[in-house]
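Before any comments, here is the structure.
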Amino acid sequence: MKKLVSLLLVTLLLASLLPLTVMAEEEEVITITWMDDRTGEDGWYQRYEFLIKPFLEEHPNVEIDWQPTQDITKQVKIALAAGTGPDLMSIDGPSDALELYESGRTVDLAPAVEKYGWDKVIYDWALDVTTTPEGVVTGVPAQYEGMLFYGNKDIMDQYGWTMPTTYEELKTLAAEIREAGFVAPMILGTQNIPRRNEWWYSTLFGCYAGREATKDLLEGHKTFFDPEISGVFTTYKEMWDTGIIGNQDTFAVTTDDGRAMYYSGMTVMNMEGDWFVLNGIENNMNQYITLPPSFREGVPQTYALSVGGCYAVNASCSPEKQELIFELLDILYSRPDLYAASIEAGAQVNCIPLDEQYLTGKLAQPVLDKLALTEKAMEEGNVGHCTWTFFPQDVRVYMYEKADAYLMGDLALEDYLGEMQRMLDVHLENGTVPPVM
Amino acid sequence: MQATTVPRPAKKHRKWLVYFFVLPAFLLHFIFIALPSLATVFYSFFDWNGIGQATFIGLQNYREMFQDADFYVALQNNLKWIAIFITVPVALGLLMALWVSRLQKTQMFFRTIYFLPYIIAAAMAGRIWCSYLNPYFGINSVLKSIGLTELGKTLWLGDKEIALYSVAFVDLWHFWGFVMVMFLGALQQVEPTLYESAKVEGATKLQEFTNITIPSIMPTLTFIVITIIMWSFLTFDYVWVMTGGGPGNASELISTLVYRNAYSFYRTGYASTICVVQTLLSVLAYAILQVVKKRGWDV
Amino acid sequence: MKKLRPAAVIGKTGKWTLLMLLAVFEVFPLIQLLFNSFRPDSEIKAHPLGLPVTWTLENYVDTWEAGGYAQAFLNSIWICLWTILITIVVISLAAYALAKINFKGREFFVAYFLFGMAIPSFAYLIPTYYLFNQMGLSNTHLSLIIVYSASNIPFKLLLLRTFLLGIPRELEESAKVDGCTELTAFLRITLPLAKSIIMTVMLLTILSCWNEFTFANTFVTRDSLRTVSTRFVKFTTEYNNNFARVFTSGVISIAPMVILYLLMQDSFIEGLTSGSVKG
């Protein structure tokens with residue numbers, strides 16, 4: 001009796017709140033929910049103007065519920081695990097796409113790729129990494145990212161410094177910068193975000209290990225203990241120990257503060273992904289933008305590339321809804337004019353060629369420079385592997401999570417390498433290493 | 001708990017009505033918090049990445065946890081954290097509450113100022129403090145400019161020996177005002193007549209404090225200590241914002257370890273195991289307190 | 001005038017110095033935060049800490065427009081209001097019973113709520129989310145109101161109970177002799193006496209709702225339903241390159257709480273002075 005009455009009470013309490021809930025959408029309108037990693041007004045403008053608006057013009061009965069979401073991988077996973085989740089989702093990269101597909105939450109996009117001919121526009125290397133050996137496309141590649149070196153042009157010109165093309169030059173330059181009284185040559189702050197370490201690791205896999213050695217590692221022909229690979233880690237520690245990247249204080253500087261130090265001229269150089277080109281423009285920086293130096297003889301300056309995001313479709317969508325989502329995505333790949341316009345509006349560069357005839361000249365010079373760098377590196381084949389796209393998930397997470405401990409000397413190199421090798425071996429055995437380009 | 005002796009209600013047959021007072025709160029919490037939390041106990045026996053196929057592995061996660069060096073580091077840090085937080089804010093909060101409660105015109109000013117940091121979200125306050133503790137433009141530049149060059153080289157958040165204490169310091173900045181306000185509330189409830197008669201009897205200030213103030217605020221004091229111990233096992237925000245548990249795992253707490261396993265390593269099963277143990281630990285801490293109290297040692 | 005001994009003078013000076021120093025220490029970072037919202041971005045980047053050289057209001061204009069705060073404020077206020085209402089009603093009833101009435105199961109309930117305080121939010125984040133989806137409550141403010149009310153219960157209930165223990169039972173007993181039921185005794189006698197602590201509990205509840213991020217970010221994904229705290233974090237990641245805006249959005253997000261707190265101070269003091277336990 002008591003329980004019944006109390007239950008009734010709670011029910012009443014809840015019922016009184018019912019008008020608060022948002023009522024179901026009107027009938028006949030199909031709503032596509034899209035959880036997107038672009039957030040903020042700029043993101044909305046880029047998405048709406050060049051993608052959603054043209055789509056809605058053709059499909060007046062469709063509504064797009066755009067859900068800009070921070071920390072998207074985590075949120076998508078939580079939502080899917082709780083039995084809901086968006087219809088269309090932009091996720092961080094191929095490894096997440098694979099995980100979601102394997103858990104049965106997202107659909108195979110291979111039929112859509114074939115039907116709409118996206119494979120003809122999307123770069124092969126990018127589509128390959130989201131395709132399983134069985135030919136399942138787990139996600140459609142969105143933007144790509146790569147690691148670059150930046151220099152404060154005003155300072156460097158004043159002192160007559162040039163961007164380093166080799167590790168030796170970097171060391172000499174670093175010494176000169178220190179002598180000139182700057183706080184440090186460059187600082188990538190990793191305080192509270194150990195993940196930042198993988199920016200350096202990706203750079204070094206490209207420019208120290210080199211494309212071929214990295215490929216051998218991921219295909220099982222080399223191990224972490226081979227000097228080409230272990231040198232990635234010893235070089236990173238050497239740069240940390242000798243103060244090329246800060247004064248052994250990278251854990252005490254946030255990425256934001258590290259950037260601020262670069263903007264304000266306390267440091268002279270920076271190493272970050274190509275997204276930083278836009279940061280530079282926003283902060284009126286006069287920058288040199290180059291590929292990172294070659295860190296080992298015989299390894300060229302390499303552009304470590306990654307698929308920075310991809311689109312996945314919820315398996316719970318009806319075939320009709322899936323078809324609508326594909327039509328929406330197709331605008332990204334079949335309308336070079338809209339794509340060019342979105343780039344000029346500040347959107348990210350997708351894994352597709354940019355047709356220059358549609359550019360209206362609004363693109364800033366640094367962006368054009370970056371595009372030229374990319375094109376050249378791709379032509380010459382000097383492209384490397386960013387860890388977050390090409391390495392198995394647990395290997396890369398362990399690599400960056402334990403970087404602090406390794407740099408501080410709490411974790412011995414052999415143990416560090418050994419654990420990564422152990423994890424990689426499992427993936428090699430199971431065939432779960434992402435496809436290597 | 002210091003239960004007051006309660007006389008029996010006069011009308012016995014309507015005694016069950018009291019459950020109407022308690023059950024709404026109980027049911028709301030039980031249905032939406034306690035019951036769902038059982039799912040986490042369930043997950044703790046599985047190898048699960050949070051989304052895919054889960055494999056039942058029995059007690060393996062627990063076995064792994066007890067061999068996990070990171071867990072012991074986190075546990076140790078948590079114990080240090082408790083030691084700091086049941087002493088510093090309680091002592092400081094009580095002392096300042098005693099002082100502030102005797103102020104007339106300025107009381108409102110001080111209680112407002114001291115409580116203010118508690119209002120600010122950790123995401124914002126942590127950011128400002130990170131700038132203060134930055135090696136290049138924070139307090140270090142001040143220290144260097146007044147000649148304390150060596151001290152000015154301290155990496156407050158980057159040195160594995162110091163990072164935990166630096167974060168605890170900032171969390172104290174944020175937290176102690178809350179404790180003070182709680183004590184202020186308790187002090188207001190102390191019968192003024194008690195002090196008056198003590199004065200008549202010629203008691204010293206110290207006697208007044210130990211014989212009247214402390215016994216009168218005992219329920220609040222006990223409650224605050226228990227709360228701090230339980231919250232210390234759950235504490236997360238400032239550590240996550242300021243160091244993320246780093247450098248290495250120097251400032252790792254159990255809650256950051258749970259988060260790291262769940263959302264960095266995507267080992268939801270294992271994270272659930274640590275989470276279950278985390279809950280048990282704070283329940284255990286409470287149980288120990290109760291036993292200690294029953295043995296006659298007043299907490 | 002009373003003549004003070006030298007030791008007392010030193011003691012008094014020391015006390016005031018400490019009081020003031022602590023006040024400065026507490027408030028300094030907050031003033032820096034406020035200052036930074038009036039400084040141009042380039043200035044903050046050059047010197048993250050310091051006084052504004054050039055004062056600007058532009059940050060506020062930009063941030064307000066770009067952050068979409070207007071809707072978020074309404075959402076947060078709405079959620080806070082309901083949460084406070086539910087929390088205060090259920091916990092004050094329960095706290096009264098657990099503090100004042102002897103009944104079977106009392107010890108159990110006290111222990112249960114203490115246990116409730118020990119449950120980390122990680123433990124129920126996903127299961128509760130699942131539950132709400134099953135109930136058709138995904139993407140509603142109601143889901144947040146329920147989970148906020150529920151998770152606020154244990155600590156606030158026990159806090160209130162601790163303070164109610166300090167109010168003599170005789171007051172309610174005598175009211176009951178005068179013909180009050182337990183409920184009316186509670187409403188007429190206890191509640192007015194506990195006004196200041198209830199205000200404190202309300203304030204703590206509002207704070208926890210307003211600043212809560214994890215649940216707000218998970219349960220509500222539709223942009224128009226987002227709360228201030230999610231807006232703030234989203235905004236700061238989107239504009240992490242513009243420090244001035246980050247600080248400004250911080251000020252905007254916490255300003256209502258600070259203002260509310262300052263306004264409520266009055267009733268705190270009032271409640272404390274008039275709420276003498278003598279009745």
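Letters A, B, ... go to the chains of the structure tokens in the order shown; residues in each chain start at 1; ligands are counted from 1 in the same order.
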Segment 128-141 of chain A: which residues within 10 Å, counting only C-alpha atoms, same-chain residues fewer than 2 positions away excluded, as a PyMOL selection string?
chain A and resi 89-102+106-113+118-119+122-126+143-144+306-313+329+350-352+389-390+431-437
Write out, as a PDB file, in the first residue's frame, the residues just selected, with C-alpha atoms.
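So selection24.pdb came out as:
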```
ATOM      1  CA  MET A  89      27.833  11.472 -37.451  1.00  0.00           C
ATOM      2  CA  SER A  90      31.147  13.115 -38.114  1.00  0.00           C
ATOM      3  CA  ILE A  91      33.680  11.140 -36.157  1.00  0.00           C
ATOM      4  CA  ASP A  92      37.351  11.602 -35.467  1.00  0.00           C
ATOM      5  CA  GLY A  93      38.896   9.117 -37.822  1.00  0.00           C
ATOM      6  CA  PRO A  94      39.192   5.679 -39.364  1.00  0.00           C
ATOM      7  CA  SER A  95      39.889   3.758 -36.158  1.00  0.00           C
ATOM      8  CA  ASP A  96      36.688   5.054 -34.583  1.00  0.00           C
ATOM      9  CA  ALA A  97      34.767   4.324 -37.766  1.00  0.00           C
ATOM     10  CA  LEU A  98      36.007   0.751 -37.705  1.00  0.00           C
ATOM     11  CA  GLU A  99      35.135   0.304 -34.054  1.00  0.00           C
ATOM     12  CA  LEU A 100      31.589   1.601 -34.537  1.00  0.00           C
ATOM     13  CA  TYR A 101      31.060  -0.604 -37.570  1.00  0.00           C
ATOM     14  CA  GLU A 102      32.384  -3.709 -35.819  1.00  0.00           C
ATOM     15  CA  THR A 106      26.921   1.873 -38.297  1.00  0.00           C
ATOM     16  CA  VAL A 107      26.337   0.754 -41.867  1.00  0.00           C
ATOM     17  CA  ASP A 108      28.699  -0.362 -44.619  1.00  0.00           C
ATOM     18  CA  LEU A 109      29.088   2.608 -46.926  1.00  0.00           C
ATOM     19  CA  ALA A 110      30.660   0.687 -49.813  1.00  0.00           C
ATOM     20  CA  PRO A 111      27.396   0.556 -51.837  1.00  0.00           C
ATOM     21  CA  ALA A 112      26.997   4.322 -51.483  1.00  0.00           C
ATOM     22  CA  VAL A 113      30.600   4.957 -52.463  1.00  0.00           C
ATOM     23  CA  TRP A 118      32.879   8.960 -54.474  1.00  0.00           C
ATOM     24  CA  ASP A 119      35.870   6.684 -55.006  1.00  0.00           C
ATOM     25  CA  ILE A 122      38.321  10.917 -52.785  1.00  0.00           C
ATOM     26  CA  TYR A 123      42.073  10.337 -52.532  1.00  0.00           C
ATOM     27  CA  ASP A 124      42.831   6.633 -52.725  1.00  0.00           C
ATOM     28  CA  TRP A 125      45.014   6.598 -49.606  1.00  0.00           C
ATOM     29  CA  ALA A 126      42.229   8.175 -47.605  1.00  0.00           C
ATOM     30  CA  GLN A 143      39.071  16.338 -43.982  1.00  0.00           C
ATOM     31  CA  TYR A 144      42.755  15.456 -43.960  1.00  0.00           C
ATOM     32  CA  SER A 306      46.004  11.682 -41.574  1.00  0.00           C
ATOM     33  CA  VAL A 307      42.327  11.393 -42.209  1.00  0.00           C
ATOM     34  CA  GLY A 308      41.153  13.883 -39.644  1.00  0.00           C
ATOM     35  CA  GLY A 309      37.564  12.805 -39.679  1.00  0.00           C
ATOM     36  CA  CYS A 310      34.965  10.756 -41.481  1.00  0.00           C
ATOM     37  CA  TYR A 311      31.237  10.397 -41.822  1.00  0.00           C
ATOM     38  CA  ALA A 312      29.380   7.365 -40.546  1.00  0.00           C
ATOM     39  CA  VAL A 313      25.700   6.474 -40.762  1.00  0.00           C
ATOM     40  CA  LEU A 329      26.932  13.796 -48.399  1.00  0.00           C
ATOM     41  CA  ASN A 350      38.551  17.512 -47.554  1.00  0.00           C
ATOM     42  CA  CYS A 351      40.307  14.425 -48.867  1.00  0.00           C
ATOM     43  CA  ILE A 352      39.489  15.505 -52.420  1.00  0.00           C
ATOM     44  CA  THR A 389      45.030   7.355 -38.544  1.00  0.00           C
ATOM     45  CA  PHE A 390      47.407   4.535 -39.315  1.00  0.00           C
ATOM     46  CA  GLY A 431      44.775  -8.540 -39.140  1.00  0.00           C
ATOM     47  CA  THR A 432      43.344  -5.458 -37.432  1.00  0.00           C
ATOM     48  CA  VAL A 433      46.062  -2.982 -38.339  1.00  0.00           C
ATOM     49  CA  PRO A 434      44.531  -0.197 -40.450  1.00  0.00           C
ATOM     50  CA  PRO A 435      45.502  -0.366 -44.145  1.00  0.00           C
ATOM     51  CA  VAL A 436      48.833   1.316 -44.755  1.00  0.00           C
ATOM     52  CA  MET A 437      49.218   3.655 -47.682  1.00  0.00           C
TER      53      MET A 437
END
```
Show me which bits of chain C are within 6 Å of chain B, counting only C-alpha atoms, as a PyMOL selection string.
chain C and resi 90+93-94+118-119+123-124+127-128+150+211
Against chain A, which residues of chain B fall within 6 Å? For each one I want the closest pair of atoms and the distance in Å (one decimal), counting only C-alpha atoms, rows by chain and increasing residue number, as CSV.
```
residue,atom,partner,partner_atom,distance
B:Ile51,CA,A:Ala81,CA,5.2
B:Gly52,CA,A:Ser103,CA,4.0
B:Leu157,CA,A:Ala252,CA,5.0
B:Gly158,CA,A:Ala252,CA,4.0
B:Met242,CA,A:Asn192,CA,5.8
B:Thr243,CA,A:Asn192,CA,4.0
B:Gly244,CA,A:Asn192,CA,4.1
B:Pro247,CA,A:Asp404,CA,5.8
B:Gly248,CA,A:Ala405,CA,4.5
```
Distance filter 7 Å, only C-alpha atoms, chain C against chain A, as a list of chain:residue names:
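The selection requested is C:Lys45, C:Ala46, C:Ala66, C:Ile126, C:Tyr129, C:Tyr130, C:Asn133, C:Thr140, C:His141, C:Leu142, C:Thr218, C:Thr221, C:Arg222, C:Asp223, C:Lys234, C:Phe235, C:Glu238, C:Asn241.
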Now that the selection is made, can you save its residues with C-alpha atoms as a short mmCIF file (atom, residue, chain, number, x, y, z; two decimals), in the first residue's frame?
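out10.cif was written with the following content:
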```
data_model
loop_
_atom_site.label_atom_id
_atom_site.label_comp_id
_atom_site.auth_asym_id
_atom_site.auth_seq_id
_atom_site.Cartn_x
_atom_site.Cartn_y
_atom_site.Cartn_z
CA LYS C 45 48.44 36.59 -25.56
CA ALA C 46 51.40 38.84 -24.93
CA ALA C 66 28.74 34.15 -31.56
CA ILE C 126 25.29 5.81 -19.43
CA TYR C 129 20.87 7.85 -20.31
CA TYR C 130 19.71 4.46 -21.53
CA ASN C 133 15.89 6.82 -23.95
CA THR C 140 14.55 16.80 -23.25
CA HIS C 141 15.10 19.19 -20.43
CA LEU C 142 13.05 16.87 -18.27
CA THR C 218 25.36 13.96 -23.06
CA THR C 221 22.40 17.06 -28.10
CA ARG C 222 19.93 19.31 -29.88
CA ASP C 223 21.53 22.70 -30.20
CA LYS C 234 31.72 24.30 -26.82
CA PHE C 235 32.48 27.93 -27.36
CA GLU C 238 35.67 26.52 -31.05
CA ASN C 241 42.42 30.59 -30.51
#
```
